[in-house]
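Colleague: My structure is in coords.cif, and what it holds is mmCIF, C-alpha atoms:
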data_data
#
loop_
_atom_site.group_PDB
_atom_site.id
_atom_site.type_symbol
_atom_site.label_atom_id
_atom_site.label_comp_id
_atom_site.auth_asym_id
_atom_site.auth_seq_id
_atom_site.Cartn_x
_atom_site.Cartn_y
_atom_site.Cartn_z
ATOM 1 C CA PRO A 28 0.000 0.000 0.000
ATOM 2 C CA ALA A 29 2.823 2.406 0.841
ATOM 3 C CA CYS A 30 4.444 1.736 -2.527
ATOM 4 C CA PHE A 31 1.123 2.268 -4.292
ATOM 5 C CA SER A 32 0.668 5.575 -2.480
ATOM 6 C CA ILE A 33 4.131 6.768 -3.559
ATOM 7 C CA ILE A 34 3.377 5.868 -7.170
ATOM 8 C CA GLN A 35 0.051 7.710 -7.014
ATOM 9 C CA ARG A 36 1.715 10.822 -5.575
ATOM 10 C CA TYR A 37 4.426 10.684 -8.237
ATOM 11 C CA GLU A 38 1.805 10.384 -10.995
ATOM 12 C CA MET A 39 -0.103 13.387 -9.592
ATOM 13 C CA GLU A 40 3.072 15.490 -9.419
ATOM 14 C CA LEU A 41 4.002 14.485 -12.964
ATOM 15 C CA ALA A 42 0.512 15.344 -14.245
ATOM 16 C CA THR A 43 0.686 18.721 -12.488
ATOM 17 C CA LYS A 44 4.064 19.525 -14.073
ATOM 18 C CA ILE A 45 2.873 18.499 -17.536
ATOM 19 C CA GLY A 46 -0.272 20.590 -17.104
ATOM 20 C CA SER A 47 1.808 23.581 -16.006
ATOM 21 C CA ILE A 48 4.123 23.286 -19.018
ATOM 22 C CA ALA A 49 1.169 22.902 -21.408
ATOM 23 C CA SER A 50 -0.520 25.927 -19.862
ATOM 24 C CA ASN A 51 2.616 28.052 -20.218
ATOM 25 C CA VAL A 52 3.111 26.988 -23.833
ATOM 26 C CA PHE A 53 -0.552 27.700 -24.670
ATOM 27 C CA THR A 54 -0.346 31.116 -22.996
ATOM 28 C CA ASP A 55 2.822 31.959 -24.924
ATOM 29 C CA ILE A 56 1.268 30.872 -28.225
ATOM 30 C CA LEU A 57 -1.860 32.932 -27.584
ATOM 31 C CA ALA A 58 0.116 36.023 -26.607
ATOM 32 C CA PHE A 59 2.381 35.409 -29.603
ATOM 33 C CA LEU A 60 -0.556 35.389 -32.024
ATOM 34 C CA LEU A 61 -2.230 38.423 -30.459
ATOM 35 C CA SER A 62 0.961 40.439 -30.087
ATOM 36 C CA THR A 63 1.371 43.912 -31.583
ATOM 37 C CA PRO A 64 4.274 46.375 -31.346
ATOM 38 C CA GLN A 65 2.290 48.359 -28.763
ATOM 39 C CA ASP A 66 1.885 45.308 -26.518
ATOM 40 C CA GLY A 67 5.612 44.983 -26.112
ATOM 41 C CA TYR A 68 5.211 41.205 -25.873
ATOM 42 C CA SER A 69 8.211 39.099 -26.776
ATOM 43 C CA VAL A 70 9.116 35.453 -26.491
ATOM 44 C CA SER A 71 12.293 36.411 -24.659
ATOM 45 C CA ASP A 72 10.341 38.567 -22.181
ATOM 46 C CA ALA A 73 7.995 35.680 -21.451
ATOM 47 C CA HIS A 74 10.994 33.475 -20.735
ATOM 48 C CA MET A 75 13.268 36.053 -19.142
ATOM 49 C CA LYS A 76 13.853 33.706 -16.210
ATOM 50 C CA HIS A 77 15.233 31.126 -18.656
ATOM 51 C CA ILE A 78 18.017 33.316 -20.054
ATOM 52 C CA ASN A 79 20.571 35.694 -18.645
ATOM 53 C CA PRO A 80 18.888 39.114 -18.949
ATOM 54 C CA SER A 81 22.112 40.941 -18.122
ATOM 55 C CA ARG A 82 23.618 39.766 -21.433
ATOM 56 C CA SER A 83 20.748 41.037 -23.542
ATOM 57 C CA ARG A 84 20.476 44.717 -24.436
ATOM 58 C CA SER A 85 17.320 46.586 -25.412
ATOM 59 C CA LEU A 86 19.245 49.348 -27.190
ATOM 60 C CA GLY A 87 21.912 49.010 -29.869
ATOM 61 C CA PHE A 88 23.260 50.592 -33.035
ATOM 62 C CA TRP A 89 19.846 50.405 -34.739
ATOM 63 C CA GLY A 90 17.973 51.968 -31.837
ATOM 64 C CA PRO A 91 15.603 50.509 -29.245
ATOM 65 C CA VAL A 92 14.165 47.026 -29.741
ATOM 66 C CA ASP A 93 10.519 47.621 -30.691
ATOM 67 C CA ALA A 94 9.600 44.497 -32.690
ATOM 68 C CA SER A 95 6.608 42.512 -31.435
ATOM 69 C CA MET A 96 8.919 39.485 -31.018
ATOM 70 C CA ASP A 97 12.342 39.245 -29.432
ATOM 71 C CA TRP A 98 13.737 35.737 -29.632
ATOM 72 C CA CYS A 99 15.807 33.659 -27.229
ATOM 73 C CA GLU A 100 19.194 34.780 -28.549
ATOM 74 C CA PRO A 101 20.504 37.654 -26.371
ATOM 75 C CA ASN A 102 20.680 40.992 -28.175
ATOM 76 C CA TYR A 103 23.857 42.825 -29.232
ATOM 77 C CA THR A 104 26.212 40.431 -27.438
ATOM 78 C CA ILE A 105 28.682 39.661 -30.254
ATOM 79 C CA THR A 106 28.738 43.025 -32.023
ATOM 80 C CA PRO A 107 26.937 46.331 -31.363
ATOM 81 C CA TYR A 108 25.914 46.421 -35.027
ATOM 82 C CA VAL A 109 23.862 43.191 -35.107
ATOM 83 C CA ALA A 110 21.037 42.511 -32.643
ATOM 84 C CA GLU A 111 20.824 38.721 -33.041
ATOM 85 C CA PHE A 112 24.089 37.643 -34.634
ATOM 86 C CA TRP A 113 23.457 33.939 -35.266
ATOM 87 C CA ASN A 114 19.858 34.430 -36.341
ATOM 88 C CA THR A 115 21.071 37.077 -38.790
ATOM 89 C CA ILE A 116 23.894 35.229 -40.515
ATOM 90 C CA SER A 117 21.814 32.046 -40.774
ATOM 91 C CA SER A 118 19.310 34.001 -42.903
ATOM 92 C CA VAL A 119 21.827 34.865 -45.632
ATOM 93 C CA PRO A 120 21.818 31.433 -47.359
ATOM 94 C CA MET A 121 18.119 31.782 -48.266
ATOM 95 C CA PHE A 122 18.995 34.652 -50.585
ATOM 96 C CA THR A 123 21.980 32.734 -51.988
ATOM 97 C CA TRP A 124 19.955 29.587 -52.686
ATOM 98 C CA SER A 125 17.232 31.529 -54.482
ATOM 99 C CA LEU A 126 19.709 33.414 -56.675
ATOM 100 C CA VAL A 127 21.946 30.451 -57.517
ATOM 101 C CA GLY A 128 19.002 28.044 -57.874
ATOM 102 C CA TRP A 129 17.247 30.359 -60.305
ATOM 103 C CA TYR A 130 20.421 30.896 -62.363
ATOM 104 C CA LEU A 131 21.216 27.189 -62.615
ATOM 105 C CA SER A 132 17.613 26.277 -63.474
ATOM 106 C CA TYR A 133 17.370 29.052 -66.064
ATOM 107 C CA ARG A 134 20.596 27.859 -67.670
ATOM 108 C CA ALA A 135 19.160 24.312 -67.648
ATOM 109 C CA GLY A 136 16.072 25.274 -69.660
ATOM 110 C CA VAL A 137 13.562 26.622 -67.099
ATOM 111 C CA LYS A 138 12.522 29.882 -68.756
ATOM 112 C CA GLU A 139 9.035 30.577 -67.365
ATOM 113 C CA GLY A 140 8.756 33.942 -65.642
ATOM 114 C CA ARG A 141 6.596 32.624 -62.790
ATOM 115 C CA PHE A 142 9.559 30.729 -61.378
ATOM 116 C CA LYS A 143 11.765 33.795 -61.486
ATOM 117 C CA VAL A 144 9.208 35.544 -59.294
ATOM 118 C CA LEU A 145 8.809 32.470 -57.068
ATOM 119 C CA LEU A 146 12.514 32.108 -56.300
ATOM 120 C CA ALA A 147 12.938 35.881 -56.028
ATOM 121 C CA SER A 148 10.288 35.880 -53.293
ATOM 122 C CA LEU A 149 12.358 33.329 -51.352
ATOM 123 C CA GLY A 150 15.356 35.611 -51.714
ATOM 124 C CA LEU A 151 13.315 38.498 -50.314
ATOM 125 C CA ILE A 152 12.506 36.364 -47.260
ATOM 126 C CA GLY A 153 16.223 35.952 -46.654
ATOM 127 C CA ILE A 154 16.907 39.673 -47.026
ATOM 128 C CA GLY A 155 13.980 40.576 -44.781
ATOM 129 C CA SER A 156 15.080 38.060 -42.153
ATOM 130 C CA VAL A 157 18.560 39.595 -42.096
ATOM 131 C CA CYS A 158 17.032 43.044 -41.591
ATOM 132 C CA PHE A 159 14.685 41.855 -38.831
ATOM 133 C CA HIS A 160 17.124 39.810 -36.755
ATOM 134 C CA GLY A 161 19.912 42.295 -37.360
ATOM 135 C CA THR A 162 17.928 45.241 -35.963
ATOM 136 C CA LEU A 163 14.859 43.925 -34.072
ATOM 137 C CA ARG A 164 12.971 47.013 -35.220
ATOM 138 C CA TYR A 165 9.279 46.665 -36.107
ATOM 139 C CA SER A 166 9.761 48.176 -39.559
ATOM 140 C CA ALA A 167 12.376 45.500 -40.267
ATOM 141 C CA GLN A 168 10.033 42.847 -38.856
ATOM 142 C CA LEU A 169 7.580 43.771 -41.601
ATOM 143 C CA LEU A 170 10.388 43.306 -44.142
ATOM 144 C CA ASP A 171 10.703 39.755 -42.827
ATOM 145 C CA GLU A 172 7.004 38.884 -42.677
ATOM 146 C CA MET A 173 5.683 40.612 -45.809
ATOM 147 C CA PRO A 174 7.915 38.586 -48.189
ATOM 148 C CA MET A 175 6.743 35.398 -46.464
ATOM 149 C CA MET A 176 3.142 36.334 -47.245
ATOM 150 C CA TRP A 177 4.033 37.276 -50.817
ATOM 151 C CA ALA A 178 6.042 34.075 -51.331
ATOM 152 C CA SER A 179 3.129 31.945 -50.095
ATOM 153 C CA PHE A 180 0.794 33.472 -52.700
ATOM 154 C CA CYS A 181 3.451 33.126 -55.432
ATOM 155 C CA SER A 182 3.801 29.422 -54.681
ATOM 156 C CA LEU A 183 0.002 29.074 -54.459
ATOM 157 C CA PHE A 184 -0.323 30.548 -57.953
ATOM 158 C CA CYS A 185 2.336 28.170 -59.297
ATOM 159 C CA ALA A 186 0.560 25.230 -57.649
ATOM 160 C CA LEU A 187 -2.826 26.178 -59.090
ATOM 161 C CA GLU A 188 -1.365 26.603 -62.581
ATOM 162 C CA ILE A 189 0.850 23.517 -62.784
ATOM 163 C CA ALA A 190 -1.244 21.769 -65.437
ATOM 164 C CA ASN A 191 -2.494 24.765 -67.432
ATOM 165 C CA ALA A 192 -0.881 25.791 -70.692
ATOM 166 C CA ARG A 193 -1.347 29.492 -69.897
ATOM 167 C CA PRO A 194 -1.958 31.269 -66.604
ATOM 168 C CA ARG A 195 -5.653 31.825 -65.957
ATOM 169 C CA THR A 196 -6.499 35.485 -65.414
ATOM 170 C CA HIS A 197 -8.915 34.886 -62.535
ATOM 171 C CA VAL A 198 -6.312 32.811 -60.659
ATOM 172 C CA LEU A 199 -3.672 35.503 -61.127
ATOM 173 C CA VAL A 200 -6.062 38.260 -60.017
ATOM 174 C CA GLY A 201 -7.337 36.193 -57.074
ATOM 175 C CA CYS A 202 -3.836 35.444 -55.753
ATOM 176 C CA PHE A 203 -2.769 39.068 -56.142
ATOM 177 C CA ALA A 204 -5.947 40.322 -54.435
ATOM 178 C CA GLY A 205 -5.488 37.886 -51.537
ATOM 179 C CA MET A 206 -1.872 38.945 -51.118
ATOM 180 C CA LEU A 207 -2.813 42.621 -51.208
ATOM 181 C CA LEU A 208 -5.689 42.180 -48.744
ATOM 182 C CA GLN A 209 -3.567 40.294 -46.213
ATOM 183 C CA THR A 210 -0.758 42.841 -46.537
ATOM 184 C CA ILE A 211 -3.085 45.794 -45.933
ATOM 185 C CA CYS A 212 -4.909 44.140 -43.006
ATOM 186 C CA TYR A 213 -1.682 43.195 -41.275
ATOM 187 C CA THR A 214 -0.077 46.591 -41.871
ATOM 188 C CA VAL A 215 -3.101 48.484 -40.548
ATOM 189 C CA LEU A 216 -4.146 46.223 -37.649
ATOM 190 C CA GLN A 217 -0.614 45.081 -36.761
ATOM 191 C CA TRP A 218 -2.001 41.845 -35.311
ATOM 192 C CA TYR A 219 0.485 38.990 -35.673
ATOM 193 C CA GLY A 220 -2.280 36.391 -35.941
ATOM 194 C CA ILE A 221 -3.272 37.822 -39.336
ATOM 195 C CA PHE A 222 0.180 37.060 -40.684
ATOM 196 C CA ILE A 223 0.755 33.590 -39.244
ATOM 197 C CA THR A 224 -2.832 32.317 -39.687
ATOM 198 C CA GLY A 225 -3.010 33.527 -43.289
ATOM 199 C CA TYR A 226 0.404 32.068 -44.073
ATOM 200 C CA ILE A 227 -0.472 28.654 -42.659
ATOM 201 C CA LEU A 228 -3.832 28.633 -44.471
ATOM 202 C CA VAL A 229 -2.337 29.472 -47.874
ATOM 203 C CA MET A 230 0.466 26.928 -47.447
ATOM 204 C CA THR A 231 -2.003 24.227 -46.382
ATOM 205 C CA VAL A 232 -4.164 24.797 -49.478
ATOM 206 C CA GLN A 233 -1.221 24.436 -51.809
ATOM 207 C CA ILE A 234 0.051 21.347 -49.996
ATOM 208 C CA VAL A 235 -3.297 19.700 -50.759
ATOM 209 C CA ILE A 236 -3.134 20.797 -54.407
ATOM 210 C CA VAL A 237 0.472 19.713 -54.924
ATOM 211 C CA GLY A 238 -0.169 16.489 -53.031
ATOM 212 C CA ARG A 239 -2.648 15.419 -55.705
ATOM 213 C CA HIS A 240 -0.090 15.974 -58.450
ATOM 214 C CA ILE A 241 2.535 14.042 -56.505
ATOM 215 C CA ALA A 242 0.074 11.172 -55.987
ATOM 216 C CA ASN A 243 -0.537 11.010 -59.753
ATOM 217 C CA ASP A 244 3.198 11.011 -60.433
ATOM 218 C CA PHE A 245 3.739 8.308 -57.808
ATOM 219 C CA LYS A 246 1.089 6.058 -59.393
ATOM 220 C CA VAL A 247 3.109 6.026 -62.613
ATOM 221 C CA LYS A 248 6.708 6.060 -61.356
ATOM 222 C CA ARG A 249 6.239 4.506 -57.924
ATOM 223 C CA TRP A 250 9.377 4.761 -55.750
ATOM 224 C CA SER A 251 11.443 6.266 -58.568
ATOM 225 C CA SER A 252 9.325 9.435 -58.465
ATOM 226 C CA GLN A 253 11.616 12.416 -57.911
ATOM 227 C CA CYS A 254 8.601 14.532 -57.010
ATOM 228 C CA PHE A 255 7.677 12.218 -54.139
ATOM 229 C CA TRP A 256 11.151 12.191 -52.617
ATOM 230 C CA LEU A 257 11.666 15.920 -53.116
ATOM 231 C CA ALA A 258 8.374 16.683 -51.371
ATOM 232 C CA LEU A 259 9.145 14.262 -48.550
ATOM 233 C CA ILE A 260 12.629 15.643 -47.897
ATOM 234 C CA GLY A 261 11.461 19.266 -48.145
ATOM 235 C CA LEU A 262 8.608 18.723 -45.687
ATOM 236 C CA LEU A 263 10.800 16.764 -43.272
ATOM 237 C CA LEU A 264 13.346 19.579 -43.227
ATOM 238 C CA ILE A 265 10.664 22.190 -42.562
ATOM 239 C CA VAL A 266 8.695 20.230 -39.957
ATOM 240 C CA SER A 267 11.719 18.958 -37.998
ATOM 241 C CA SER A 268 13.408 22.370 -37.889
ATOM 242 C CA CYS A 269 10.098 24.034 -36.976
ATOM 243 C CA ILE A 270 9.771 21.666 -34.016
ATOM 244 C CA LEU A 271 13.251 22.692 -32.871
ATOM 245 C CA TRP A 272 12.246 26.365 -33.211
ATOM 246 C CA VAL A 273 9.132 25.815 -31.079
ATOM 247 C CA LEU A 274 11.102 23.910 -28.446
ATOM 248 C CA GLU A 275 13.685 26.670 -28.187
ATOM 249 C CA ASN A 276 10.941 29.251 -27.649
ATOM 250 C CA ALA A 277 9.394 27.128 -24.916
ATOM 251 C CA PHE A 278 12.658 26.258 -23.146
ATOM 252 C CA CYS A 279 15.079 29.133 -23.704
ATOM 253 C CA GLN A 280 17.275 28.418 -20.699
ATOM 254 C CA GLN A 281 17.795 24.775 -21.544
ATOM 255 C CA LEU A 282 17.964 24.988 -25.358
ATOM 256 C CA GLY A 283 18.891 28.593 -26.183
ATOM 257 C CA LYS A 284 22.627 27.832 -26.250
ATOM 258 C CA PHE A 285 22.108 25.456 -29.193
ATOM 259 C CA LYS A 286 20.927 28.303 -31.482
ATOM 260 C CA LEU A 287 17.955 26.293 -32.741
ATOM 261 C CA HIS A 288 16.370 29.372 -34.320
ATOM 262 C CA ALA A 289 19.404 29.589 -36.612
ATOM 263 C CA VAL A 290 19.016 25.861 -37.360
ATOM 264 C CA TRP A 291 15.389 26.598 -38.313
ATOM 265 C CA HIS A 292 16.582 29.243 -40.766
ATOM 266 C CA LEU A 293 19.082 26.920 -42.427
ATOM 267 C CA PHE A 294 17.087 23.699 -42.671
ATOM 268 C CA GLY A 295 13.638 25.294 -42.944
ATOM 269 C CA GLY A 296 14.924 27.711 -45.573
ATOM 270 C CA TYR A 297 16.393 24.937 -47.682
ATOM 271 C CA GLY A 298 13.212 22.939 -47.235
ATOM 272 C CA LEU A 299 11.226 25.861 -48.685
ATOM 273 C CA PHE A 300 13.724 26.091 -51.533
ATOM 274 C CA LEU A 301 13.260 22.390 -52.329
ATOM 275 C CA LEU A 302 9.469 22.778 -52.325
ATOM 276 C CA ASP A 303 9.833 25.659 -54.791
ATOM 277 C CA LEU A 304 11.914 23.374 -56.994
ATOM 278 C CA LEU A 305 9.170 20.754 -56.633
ATOM 279 C CA LEU A 306 6.750 23.137 -58.352
ATOM 280 C CA VAL A 307 9.278 23.595 -61.178
ATOM 281 C CA LEU A 308 9.735 19.826 -61.461
ATOM 282 C CA LEU A 309 5.984 19.152 -61.648
ATOM 283 C CA ARG A 310 5.436 21.947 -64.145
ATOM 284 C CA GLY A 311 8.114 20.525 -66.429
ATOM 285 C CA GLU A 312 6.440 17.125 -66.457
ATOM 286 C CA TYR A 313 3.091 18.624 -67.439
ATOM 287 C CA LYS A 314 4.828 20.533 -70.246
ATOM 288 C CA LYS A 315 6.062 17.139 -71.548
ATOM 289 C CA LYS A 316 9.660 17.992 -70.722
ATOM 290 C CA GLU A 317 12.251 15.618 -69.363
ATOM 291 C CA SER A 318 12.214 17.251 -65.953
ATOM 292 C CA ASN A 319 14.958 16.224 -63.522
ATOM 293 C CA LEU A 320 16.318 17.394 -60.190
ATOM 294 C CA LYS A 321 20.055 18.057 -60.335
ATOM 295 C CA PHE A 322 22.737 19.017 -57.834
ATOM 296 C CA SER A 323 25.645 21.325 -58.570
ATOM 297 C CA ALA A 324 28.668 20.216 -56.565
ATOM 298 C CA GLU A 325 30.499 23.422 -57.517
ATOM 299 C CA VAL A 326 28.075 25.678 -55.652
ATOM 300 C CA GLY A 327 26.396 23.104 -53.406
ATOM 301 C CA CYS A 328 22.867 23.791 -54.608
ATOM 302 C CA HIS A 329 20.003 21.857 -56.228
ATOM 303 C CA PHE A 330 18.269 22.967 -59.407
ATOM 304 C CA VAL A 331 15.823 21.620 -61.988
ATOM 305 C CA GLU A 332 16.666 20.798 -65.585
ATOM 306 C CA TRP A 333 14.118 20.852 -68.406
ATOM 307 C CA VAL A 334 15.015 18.999 -71.622
ATOM 308 C CA ASP A 335 12.796 18.874 -74.715
ATOM 309 C CA VAL A 336 11.784 15.342 -75.690
#
Take the structure in the file and give it back as structure tokens.

Modeller:
Amino acid sequence: PACFSIIQRYEMELATKIGSIASNVFTDILAFLLSTPQDGYSVSDAHMKHINPSRSRSLGFWGPVDASMDWCEPNYTITPYVAEFWNTISSVPMFTWSLVGWYLSYRAGVKEGRFKVLLASLGLIGIGSVCFHGTLRYSAQLLDEMPMMWASFCSLFCALEIANARPRTHVLVGCFAGMLLQTICYTVLQWYGIFITGYILVMTVQIVIVGRHIANDFKVKRWSSQCFWLALIGLLLIVSSCILWVLENAFCQQLGKFKLHAVWHLFGGYGLFLLDLLLVLLRGEYKKKESNLKFSAEVGCHFVEWVDV
């Protein structure tokens, strides 16, 4: 009986701790979604007891930190000119991948203008992320988030038009109108939930659309389908790195030293790049091209090759 009582007490304590952690995470997520620059909410503020606040500065070369989010990495600790050093430099490759990937694909026969815009939007995400993490100013935060919204609608358009010979006017107008509406609402209301909810919704819709095309390709090619493996690897990179990002936000003290936000930039960014290439790969197959994923060892970057057959 004594042993049973100890086990019961241990189970109750464990359940209480789990409930407390879940409650804190839910509260952080809710405050995160509802945050505005005026609220002054930040992930780092919510977890200030998990990091060393004396290392983090609220004022640097770029002025006071006024973004609606301030991540786990302490501010202005490595150089007075960069707010979050590791989060900043880990954003640079996104721009490089988009530029090099577009050049290699263009040289390999991918000439459609939609993919220039698609990969350029990924490059803008990288530039905006550098500006945001480098300054932690709200104006720079918009430079990070706006390109993400624009890129999601660019990829949605490419997904909707994979199998059409010419872009449909109503699809083009609808995607542009949706992008413009979300941009205006977020800029005016400054409510973070508008950005993240809209982004997730648009990405989910295109995942469903692209998933159907991948399923059709898999029925024909089975396990040799490049589209299937490219989608799988891209999604695994994004999901796994996103989980690390969430865990770092929830447990700054324990995990902040591992710079998991920077890992999210690197692996999540390349995952997005691969999913952009997936749209190019699928489009080439519907255009009756010999469409293949290639890797350039010289620059360490994937690209898609279209060959007339």

Colleague: Please evaluate the PyMOL selection byres ((chain A and resi 144) around 12) against the displayed coordinates and give the resulting residues as a ChimeraX atom specification.

Modeller: /A:125-126,129,138-143,145-151,174,177-182,184-185,303

Colleague: Kindly give the distance, in Å, that separates atom CA of Val237 of chain A and atom CA of Leu306 of chain A, rounded to a single decimal.

Modeller: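 It comes out at 7.9 Å.
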
Colleague: Once the PyMOL selection byres ((chain A and resi 163) around 9) is applied to the coordinates I shared, what remains selected? I want it as number ranges by chain.

Modeller: A: 89-97, 102, 110-111, 158-162, 164-168

Colleague: Residues near Cys202 of chain A, anyone? I mean within 9 Å using all atoms listed in the file, not counting same-chain ones fewer than 3 positions away, as a PDB file with C-alpha atoms, in the coordinates of the input.

Modeller:
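As written to disk, selection28.pdb reads:
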ATOM      1  CA  PHE A 180       0.794  33.472 -52.700  1.00  0.00           C
ATOM      2  CA  CYS A 181       3.451  33.126 -55.432  1.00  0.00           C
ATOM      3  CA  LEU A 183       0.002  29.074 -54.459  1.00  0.00           C
ATOM      4  CA  PHE A 184      -0.323  30.548 -57.953  1.00  0.00           C
ATOM      5  CA  HIS A 197      -8.915  34.886 -62.535  1.00  0.00           C
ATOM      6  CA  VAL A 198      -6.312  32.811 -60.659  1.00  0.00           C
ATOM      7  CA  LEU A 199      -3.672  35.503 -61.127  1.00  0.00           C
ATOM      8  CA  GLY A 205      -5.488  37.886 -51.537  1.00  0.00           C
ATOM      9  CA  MET A 206      -1.872  38.945 -51.118  1.00  0.00           C
ATOM     10  CA  LEU A 207      -2.813  42.621 -51.208  1.00  0.00           C
TER      11      LEU A 207
END

Colleague: Could you check which of A:Arg310, A:Lys315, A:His288, A:Lys321 is closest to Trp98 of chain A, using all atoms listed in the file?

Modeller: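 Among A:Arg310, A:Lys315, A:His288, A:Lys321, it is A:His288 that comes nearest to Trp98 of chain A.
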
Colleague: Once you add 6 Å to each side, what are the centre and edge lengths of the axis-aligned box holding all listed atoms of segment 109-121 of chain A? One decimal in Å, as AutoDock Vina command-line options, if you can.

Modeller:
--center_x 21.1 --center_y 37.3 --center_z -40.5 --size_x 18.0 --size_y 23.8 --size_z 27.6

Colleague: Interatomic distance between atom CA of Gly87 of chain A and atom CA of Asp171 of chain A?

Modeller: 19.5 Å

Colleague: Could you list the residues chosen by the PyMOL selection byres ((chain A and resi 225) around 12) in this structure as an MDAnalysis selection string?

Modeller: chainID A and resid 60 172:173 175:177 179:180 205:206 208:210 212:213 218:224 226:232

Colleague: What is the distance between atom CA of Lys248 of chain A and atom CA of Arg134 of chain A, in Å to one decimal?

Modeller: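 Taking atom CA of Lys248 of chain A and atom CA of Arg134 of chain A, their separation equals 26.6 Å.
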
Colleague: Let me make sure I understand: among A:Arg195, A:Leu262, A:Gly128, A:Ile154, which one has the smallest atom-to-atom distance to Phe322 of chain A if we use all atoms listed in the file?

Modeller: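 Nearest candidate to Phe322 of chain A out of A:Arg195, A:Leu262, A:Gly128, A:Ile154: A:Gly128.
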
Colleague: Which of these, A:Leu216, A:Ala324, A:Leu257, A:Ile152, has the shortest distance to Leu301 of chain A once you count all atoms listed in the file?

Modeller: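 For Leu301 of chain A, the nearest of the candidates is A:Leu257.
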
Colleague: I'd like the neighbourhood of segment 290-296 of chain A as number ranges by chain, where a residue qualifies if any of its atoms comes within 8 Å (using all atoms listed in the file), though same-chain residues fewer than 2 positions away should be ignored.

Modeller: A: 114, 117-118, 120-121, 264-266, 268-269, 271-272, 286-288, 298-300

Colleague: Pick out the residues sitting within 10 Å of Ser318 of chain A, and hand them over as a list of chain:residue names; count all atoms listed in the file, and ignore anything fewer than 6 positions along from it in its own chain.

Modeller: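 In the requested format, the answer is A:Gly136, A:Val137, A:Gln253, A:Val307, A:Leu308, A:Leu309, A:Arg310, A:Gly311, A:Glu312, A:Val331, A:Glu332, A:Trp333, A:Val334, A:Asp335, A:Val336.
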
Colleague: Of the candidates A:Tyr103, A:Cys279, A:Gly153, A:Leu170, which one gets nearest to Thr123 of chain A if we count only C-alpha atoms?

Modeller: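 Looking at the shortest contact to Thr123 of chain A, the residue is A:Gly153.
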
Colleague: Measuring between all atoms listed in the file, which one of A:Asn243, A:Ser85, A:Thr214, A:Gln281 shows the shortest distance to Pro101 of chain A?

Modeller: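 Selected residue with least distance to Pro101 of chain A: A:Ser85.
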
Colleague: With distances taken over all atoms listed in the file, which of A:Gly201, A:Gly261, A:Pro107, A:Gly155 is nearest to Leu305 of chain A?

Modeller: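 That would be A:Gly261, the residue with the smallest distance to Leu305 of chain A.
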